[in-house]
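Q: This is the structure I have questions about; it appears just below.
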Amino acid sequence: MWDAIAEQISAATGETFRLANARPVGGGCINEAYRLDGDGGPFFAKLNRADKREMFEAEADGLRDIAATDTIRVPHPVCHGISGGQAYLVLEHIDLGGSGSGAELGRRLAKLHAMPQARFGWRRDNTIGDTPQPNPEGDDWVAFLREHRLGLQCRLAKRNGLRLDGADELLGQLDGFFTGYKPRPSLLHGDLWSGNVAYGPSGEPVVFDPATYCGDREAEFGLAEMFGGFGNDFWSAYEAQWPLDAGYPTRKWLYRLYHTLNHFNIFGGSYGSAAEGIVSRLLRAL
């Protein structure tokens, strides 16, 4: 398998890559990850089941779309495919772990969100974690959020045994959260949390593992305050570039609900009760 992947790397880069070592790298919960060392390397590779090939193809497309904005650095996709019965995605290897500025991350993310986009959705479906994420293109953000984000996750959660009382009522009243606020489409990383951000050798922020689509920029932050979140320097720099709407402190719970439900649908456990608590909070806000 590794020899075949090395050949594909060579074909994609136009330079011979001779693999010396494939070393496992920790940190992920969906895929296996490896650092590939050798002449012409290193590279970073992800592996999963063969039926996850389209997931990797969509991730590569998302990284390319973000890179094309020239706003924030992402690892460059090298090649992807199936080898040895497994799907793989090979990316540029970036030496991460340096120190960097949360303020610079905030500024660059605001610039990404400010790049004009035609419609909500995206040119292809992808995944959020291991969950399907449909992205049909359209002009109605609330309808998109209701059907293809919150509604989908609610249906999965109920199928997985969560009562989720009040969810149908909440979905029926989503328009009430957008009175006086008209989102415009922004290109989103889509799975932005502290574990998907690091800093390169020169301190530049790098984002990876995207679940890219075009949506309300506020949706980017549904996960950003979970699992450690980002510091005040990040938020101050983002808002200096593009201030958030006054209704964001309430609407952010809609977007946190999406990710909390997704975590329940993948991992189960206390994410279910957390999601039910968010539904109750949002209904009280209405």
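All residue names refer to the structure tokens as shown: chains lettered A, B, ... in order, residues numbered from 1 in each chain, ligands numbered from 1 in order.
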Tell me, as an NGL selection string, which residues lie within 9 Å of region 225-231 of chain A, counting only C-alpha atoms; anything in the same chain fewer than 5 positions away does not count.
A: :A and (102-103 or 193-195 or 236 or 256)
Q: Go ahead and dump the residues you just picked, C-alpha atoms, as a PDB file, in the first residue's frame.
A:
ATOM      1  CA  GLY A 102      -4.528  34.386  18.220  1.00  0.00           C
ATOM      2  CA  ALA A 103      -5.078  37.919  16.968  1.00  0.00           C
ATOM      3  CA  TRP A 193     -12.087  24.420  17.115  1.00  0.00           C
ATOM      4  CA  SER A 194      -8.773  24.718  18.908  1.00  0.00           C
ATOM      5  CA  GLY A 195      -7.745  21.195  17.848  1.00  0.00           C
ATOM      6  CA  SER A 236     -10.989  41.325  19.478  1.00  0.00           C
ATOM      7  CA  ARG A 256     -23.496  25.163  19.004  1.00  0.00           C
TER       8      ARG A 256
END
Q: What are the DSSP alpha helix (DSSP H) residues of region 4-44 of chain A, as JSON, numbers by chain?
A: {"A": [4, 5, 6, 7, 8, 9, 10, 11, 12, 13]}
Q: How about saving the chosen residues, N, CA and C atoms kept, as a CSV table (one decimal), in the first residue's frame?
A:
chain,number,residue,atom,x,y,z
A,4,ALA,N,2.6,2.0,-3.3
A,4,ALA,CA,1.6,2.6,-4.3
A,4,ALA,C,1.3,4.0,-4.0
A,5,ILE,N,1.2,4.4,-2.7
A,5,ILE,CA,0.9,5.8,-2.4
A,5,ILE,C,2.1,6.6,-2.7
A,6,ALA,N,3.3,6.1,-2.4
A,6,ALA,CA,4.5,6.9,-2.8
A,6,ALA,C,4.6,7.1,-4.3
A,7,GLU,N,4.2,6.2,-5.1
A,7,GLU,CA,4.2,6.4,-6.5
A,7,GLU,C,3.2,7.5,-6.9
A,8,GLN,N,2.0,7.5,-6.2
A,8,GLN,CA,1.1,8.6,-6.5
A,8,GLN,C,1.6,10.0,-6.1
A,9,ILE,N,2.3,10.0,-5.0
A,9,ILE,CA,2.9,11.3,-4.6
A,9,ILE,C,3.9,11.8,-5.6
A,10,SER,N,4.7,10.8,-6.1
A,10,SER,CA,5.7,11.2,-7.1
A,10,SER,C,5.0,11.7,-8.4
A,11,ALA,N,3.9,11.1,-8.8
A,11,ALA,CA,3.2,11.5,-10.0
A,11,ALA,C,2.6,12.9,-9.8
A,12,ALA,N,2.0,13.1,-8.6
A,12,ALA,CA,1.3,14.4,-8.3
A,12,ALA,C,2.3,15.5,-8.2
A,13,THR,N,3.5,15.3,-7.6
A,13,THR,CA,4.5,16.4,-7.4
A,13,THR,C,5.4,16.6,-8.6
Q: Interatomic distance between CA of Leu244 (chain A) and CA of Val207 (chain A)?
A: 21.3 Å
Q: Tell me, in Å to one decimal, how far CA of Glu276 (chain A) is from CA of Tyr255 (chain A).
A: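 Those two atoms sit 13.8 Å apart.
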Q: Using backbone DSSP assignments, extract all strand (DSSP E or B) residues from region 32-280 of chain A; output them as number ranges by chain.
A: A: 32-39, 43-49, 73, 77-83, 86-92, 120-121, 126-128, 131-133, 138, 186-188, 197-199, 205-207, 213-215
Q: Would you work out the distance separating CA of Tyr199 (chain A) from CA of Gly97 (chain A), expressed in Å to one decimal?
A: 5.9 Å
Q: Neighbouring residues of Leu105 (chain A) were defined as those with any atom within 9 Å, considering only C-alpha atoms; residues of the same chain fewer than 3 positions away were excluded. Please report them as a PyMOL selection string.
A: chain A and resi 72+100-102+108-110+197+204-206+234+237-238
Q: When you look at Asp51 (chain A) with a cut-off of 10 Å (counting only C-alpha atoms), what residues show up, excluding the ones that are within fewer than 5 positions of it in the same chain? I need them as number ranges by chain.
A: A: 82, 85-87
Q: I want to know what sits within 9 Å of region 32-47 of chain A, based on only C-alpha atoms, with residues of the same chain fewer than 5 positions away left out; could you give that as number ranges by chain?
A: A: 6, 9-10, 15-27, 52, 56, 78, 86-94
Q: Let me see the file: selected residues, N, CA and C atoms, as a compact mmCIF listing (two decimals), in the first residue's frame.
A:
# COMPACT_ATOMS: atom_id res chain seq x y z
N ALA A 6 3.33 6.12 -2.44
CA ALA A 6 4.55 6.86 -2.78
C ALA A 6 4.61 7.14 -4.28
N ILE A 9 2.29 10.01 -4.98
CA ILE A 9 2.89 11.27 -4.55
C ILE A 9 3.89 11.75 -5.60
N SER A 10 4.70 10.84 -6.09
CA SER A 10 5.69 11.19 -7.12
C SER A 10 5.01 11.72 -8.37
N GLU A 15 8.13 14.93 -8.72
CA GLU A 15 9.44 14.63 -8.15
C GLU A 15 9.37 13.27 -7.47
N THR A 16 10.43 12.49 -7.63
CA THR A 16 10.44 11.14 -7.07
C THR A 16 10.43 11.18 -5.55
N PHE A 17 9.48 10.45 -4.97
CA PHE A 17 9.41 10.31 -3.52
C PHE A 17 9.68 8.85 -3.17
N ARG A 18 10.76 8.61 -2.43
CA ARG A 18 11.11 7.27 -1.99
C ARG A 18 10.82 7.16 -0.50
N LEU A 19 9.82 6.39 -0.16
CA LEU A 19 9.39 6.29 1.23
C LEU A 19 10.40 5.51 2.06
N ALA A 20 10.82 6.10 3.17
CA ALA A 20 11.72 5.42 4.10
C ALA A 20 10.98 4.94 5.33
N ASN A 21 9.94 5.70 5.74
CA ASN A 21 9.26 5.36 6.99
C ASN A 21 7.88 6.00 7.00
N ALA A 22 6.87 5.21 7.44
CA ALA A 22 5.52 5.72 7.68
C ALA A 22 5.27 5.64 9.18
N ARG A 23 5.31 6.79 9.83
CA ARG A 23 5.23 6.83 11.30
C ARG A 23 3.86 7.30 11.75
N PRO A 24 3.15 6.50 12.58
CA PRO A 24 1.82 6.93 13.06
C PRO A 24 1.89 8.24 13.83
N VAL A 25 0.87 9.06 13.64
CA VAL A 25 0.75 10.34 14.33
C VAL A 25 -0.58 10.34 15.06
N GLY A 26 -0.58 10.72 16.32
CA GLY A 26 -1.81 10.73 17.11
C GLY A 26 -2.60 12.01 16.90
N GLY A 27 -3.75 12.06 17.57
CA GLY A 27 -4.52 13.29 17.61
C GLY A 27 -5.88 13.22 16.96
N LYS A 52 -14.72 5.60 2.40
CA LYS A 52 -14.55 6.99 2.83
C LYS A 52 -13.78 7.81 1.80
N PHE A 56 -12.55 12.05 1.76
CA PHE A 56 -11.24 12.63 1.55
C PHE A 56 -11.21 13.55 0.33
N VAL A 78 -2.08 16.86 -1.81
CA VAL A 78 -1.15 16.31 -2.78
C VAL A 78 -1.84 15.28 -3.67
N GLN A 86 -7.79 0.60 1.31
CA GLN A 86 -8.04 1.74 2.18
C GLN A 86 -8.04 3.04 1.38
N ALA A 87 -8.92 3.95 1.78
CA ALA A 87 -8.89 5.29 1.21
C ALA A 87 -7.76 6.08 1.87
N TYR A 88 -7.14 6.96 1.09
CA TYR A 88 -6.05 7.77 1.64
C TYR A 88 -6.14 9.19 1.11
N LEU A 89 -5.58 10.10 1.89
CA LEU A 89 -5.42 11.50 1.51
C LEU A 89 -4.03 11.91 1.94
N VAL A 90 -3.23 12.40 1.00
CA VAL A 90 -1.89 12.86 1.31
C VAL A 90 -1.87 14.39 1.21
N LEU A 91 -1.30 15.01 2.24
CA LEU A 91 -1.23 16.46 2.32
C LEU A 91 0.21 16.92 2.48
N GLU A 92 0.42 18.18 2.16
CA GLU A 92 1.67 18.84 2.51
C GLU A 92 1.92 18.66 4.01
N HIS A 93 3.16 18.36 4.37
CA HIS A 93 3.51 18.30 5.78
C HIS A 93 4.01 19.66 6.23
N ILE A 94 3.38 20.21 7.27
CA ILE A 94 3.79 21.49 7.84
C ILE A 94 4.26 21.24 9.27
Q: Which is closer to Pro134 (chain A) than all the others in A:Ala198, A:Ala240, A:Met55, A:Leu223, using only C-alpha atoms?
A: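 Checking each candidate against Pro134 (chain A), we get A:Met55 as the closest.
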Q: Show me, as an mmCIF file with N, CA and C atoms, in the first residue's frame, the residues that have an atom within 12 Å of His259 (chain A) when counting only C-alpha atoms, minus same-chain residues fewer than 4 positions from it.
A:
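Written output follows (around_30.cif):
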data_model
loop_
_atom_site.group_PDB
_atom_site.id
_atom_site.type_symbol
_atom_site.label_atom_id
_atom_site.label_comp_id
_atom_site.auth_asym_id
_atom_site.auth_seq_id
_atom_site.Cartn_x
_atom_site.Cartn_y
_atom_site.Cartn_z
ATOM 1 N N ILE A 128 -19.214 16.138 8.429
ATOM 2 C CA ILE A 128 -18.805 16.839 9.644
ATOM 3 C C ILE A 128 -18.426 15.751 10.635
ATOM 4 N N GLY A 129 -17.128 15.584 10.871
ATOM 5 C CA GLY A 129 -16.669 14.375 11.549
ATOM 6 C C GLY A 129 -16.936 13.200 10.619
ATOM 7 N N THR A 131 -20.188 12.275 10.025
ATOM 8 C CA THR A 131 -21.603 12.409 9.706
ATOM 9 C C THR A 131 -21.791 13.086 8.354
ATOM 10 N N GLN A 133 -22.875 15.599 5.590
ATOM 11 C CA GLN A 133 -23.235 17.013 5.659
ATOM 12 C C GLN A 133 -23.661 17.463 4.260
ATOM 13 N N ARG A 149 -28.974 21.278 8.337
ATOM 14 C CA ARG A 149 -28.070 21.319 9.484
ATOM 15 C C ARG A 149 -28.814 20.824 10.737
ATOM 16 N N LEU A 150 -29.631 21.672 11.332
ATOM 17 C CA LEU A 150 -30.282 21.284 12.583
ATOM 18 C C LEU A 150 -31.279 20.152 12.383
ATOM 19 N N LEU A 152 -31.441 17.762 10.115
ATOM 20 C CA LEU A 152 -30.773 16.484 9.871
ATOM 21 C C LEU A 152 -30.218 15.906 11.164
ATOM 22 N N GLN A 153 -29.536 16.738 11.947
ATOM 23 C CA GLN A 153 -28.934 16.244 13.195
ATOM 24 C C GLN A 153 -30.010 15.843 14.207
ATOM 25 N N CYS A 154 -31.124 16.582 14.236
ATOM 26 C CA CYS A 154 -32.216 16.211 15.141
ATOM 27 C C CYS A 154 -32.804 14.856 14.762
ATOM 28 N N ALA A 157 -30.423 12.195 15.853
ATOM 29 C CA ALA A 157 -30.387 12.059 17.311
ATOM 30 C C ALA A 157 -31.599 11.285 17.826
ATOM 31 N N GLY A 190 -15.775 25.355 8.778
ATOM 32 C CA GLY A 190 -16.879 24.456 9.042
ATOM 33 C C GLY A 190 -16.722 23.542 10.240
ATOM 34 N N ASP A 191 -15.486 23.337 10.701
ATOM 35 C CA ASP A 191 -15.242 22.479 11.869
ATOM 36 C C ASP A 191 -14.147 23.122 12.712
ATOM 37 N N LEU A 192 -14.324 24.416 12.973
ATOM 38 C CA LEU A 192 -13.273 25.204 13.597
ATOM 39 C C LEU A 192 -13.315 25.077 15.118
ATOM 40 N N TRP A 193 -12.292 24.453 15.667
ATOM 41 C CA TRP A 193 -12.087 24.420 17.115
ATOM 42 C C TRP A 193 -10.590 24.424 17.351
ATOM 43 N N ALA A 211 -14.623 21.134 7.215
ATOM 44 C CA ALA A 211 -15.916 20.619 6.742
ATOM 45 C C ALA A 211 -16.555 21.762 5.968
ATOM 46 N N ALA A 219 -22.009 30.793 11.944
ATOM 47 C CA ALA A 219 -21.994 29.342 12.090
ATOM 48 C C ALA A 219 -20.584 28.814 12.297
ATOM 49 N N GLU A 220 -19.580 29.569 11.878
ATOM 50 C CA GLU A 220 -18.187 29.159 12.083
ATOM 51 C C GLU A 220 -17.857 28.990 13.552
ATOM 52 N N PHE A 221 -18.585 29.705 14.404
ATOM 53 C CA PHE A 221 -18.211 29.759 15.806
ATOM 54 C C PHE A 221 -19.034 28.829 16.689
ATOM 55 N N GLY A 222 -19.822 27.942 16.079
ATOM 56 C CA GLY A 222 -20.617 27.017 16.873
ATOM 57 C C GLY A 222 -19.776 26.064 17.697
ATOM 58 N N LEU A 223 -18.571 25.802 17.232
ATOM 59 C CA LEU A 223 -17.659 24.887 17.929
ATOM 60 C C LEU A 223 -16.519 25.642 18.587
ATOM 61 N N ALA A 224 -16.347 26.915 18.233
ATOM 62 C CA ALA A 224 -15.146 27.653 18.606
ATOM 63 C C ALA A 224 -15.022 27.893 20.108
ATOM 64 N N GLU A 225 -16.133 27.902 20.834
ATOM 65 C CA GLU A 225 -16.071 28.143 22.273
ATOM 66 C C GLU A 225 -16.152 26.846 23.078
ATOM 67 N N MET A 226 -16.166 25.732 22.383
ATOM 68 C CA MET A 226 -16.137 24.433 23.055
ATOM 69 C C MET A 226 -14.695 23.929 23.116
ATOM 70 N N PHE A 227 -14.406 23.067 24.069
ATOM 71 C CA PHE A 227 -13.111 22.397 24.165
ATOM 72 C C PHE A 227 -11.942 23.381 24.270
ATOM 73 N N LYS A 252 -25.625 32.176 18.499
ATOM 74 C CA LYS A 252 -24.501 31.238 18.547
ATOM 75 C C LYS A 252 -24.920 29.892 19.134
ATOM 76 N N TRP A 253 -25.997 29.894 19.935
ATOM 77 C CA TRP A 253 -26.456 28.634 20.518
ATOM 78 C C TRP A 253 -27.136 27.749 19.477
ATOM 79 N N LEU A 254 -27.686 28.342 18.428
ATOM 80 C CA LEU A 254 -28.184 27.527 17.309
ATOM 81 C C LEU A 254 -27.042 26.733 16.690
ATOM 82 N N TYR A 255 -25.924 27.413 16.518
ATOM 83 C CA TYR A 255 -24.791 26.793 15.849
ATOM 84 C C TYR A 255 -24.047 25.823 16.780
ATOM 85 N N HIS A 263 -21.911 15.632 17.883
ATOM 86 C CA HIS A 263 -21.079 14.873 18.824
ATOM 87 C C HIS A 263 -21.890 13.760 19.491
ATOM 88 N N PHE A 264 -23.160 14.042 19.793
ATOM 89 C CA PHE A 264 -23.994 12.969 20.340
ATOM 90 C C PHE A 264 -24.156 11.854 19.314
ATOM 91 N N ASN A 265 -24.395 12.209 18.079
ATOM 92 C CA ASN A 265 -24.630 11.196 17.048
ATOM 93 C C ASN A 265 -23.386 10.373 16.735
ATOM 94 N N ILE A 266 -22.209 10.912 17.028
ATOM 95 C CA ILE A 266 -20.971 10.159 16.827
ATOM 96 C C ILE A 266 -20.546 9.428 18.094
ATOM 97 N N PHE A 267 -20.590 10.137 19.230
ATOM 98 C CA PHE A 267 -19.999 9.610 20.459
ATOM 99 C C PHE A 267 -21.016 9.218 21.527
ATOM 100 N N TYR A 271 -23.387 14.357 25.618
ATOM 101 C CA TYR A 271 -23.723 15.339 24.580
ATOM 102 C C TYR A 271 -25.232 15.402 24.345
ATOM 103 N N GLY A 272 -25.922 14.306 24.614
ATOM 104 C CA GLY A 272 -27.368 14.299 24.430
ATOM 105 C C GLY A 272 -28.066 15.242 25.388
ATOM 106 N N ALA A 274 -26.710 17.686 26.945
ATOM 107 C CA ALA A 274 -26.259 19.045 26.630
ATOM 108 C C ALA A 274 -27.078 19.625 25.481
ATOM 109 N N ALA A 275 -27.348 18.816 24.464
ATOM 110 C CA ALA A 275 -28.164 19.278 23.338
ATOM 111 C C ALA A 275 -29.573 19.621 23.797
ATOM 112 N N ILE A 278 -29.593 22.967 25.404
ATOM 113 C CA ILE A 278 -29.497 24.076 24.447
ATOM 114 C C ILE A 278 -30.841 24.337 23.800
#
Q: Go through A:Leu188, A:Asn31, A:Tyr213, A:Phe144 one by one, measure the shortest atom-to-atom distance of each to Leu171 (chain A) using only C-alpha atoms, and give the residue with the smallest value.
A: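 Checking each candidate against Leu171 (chain A), we get A:Phe144 as the closest.
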Q: Looking at A:His76, A:Trp141, A:Thr179, A:Gly268, which one is nearest to Asn160 (chain A), with distances taken over only C-alpha atoms?
A: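 Looking at the shortest contact to Asn160 (chain A), the residue is A:Gly268.
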Q: From the options A:Asp209, A:Glu104, A:Asp61, A:Asp95, which residue's atoms come nearest to Asp233 (chain A), counting only C-alpha atoms?
A: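 Of A:Asp209, A:Glu104, A:Asp61, A:Asp95, the one nearest Asp233 (chain A), counting only C-alpha atoms, is A:Glu104.
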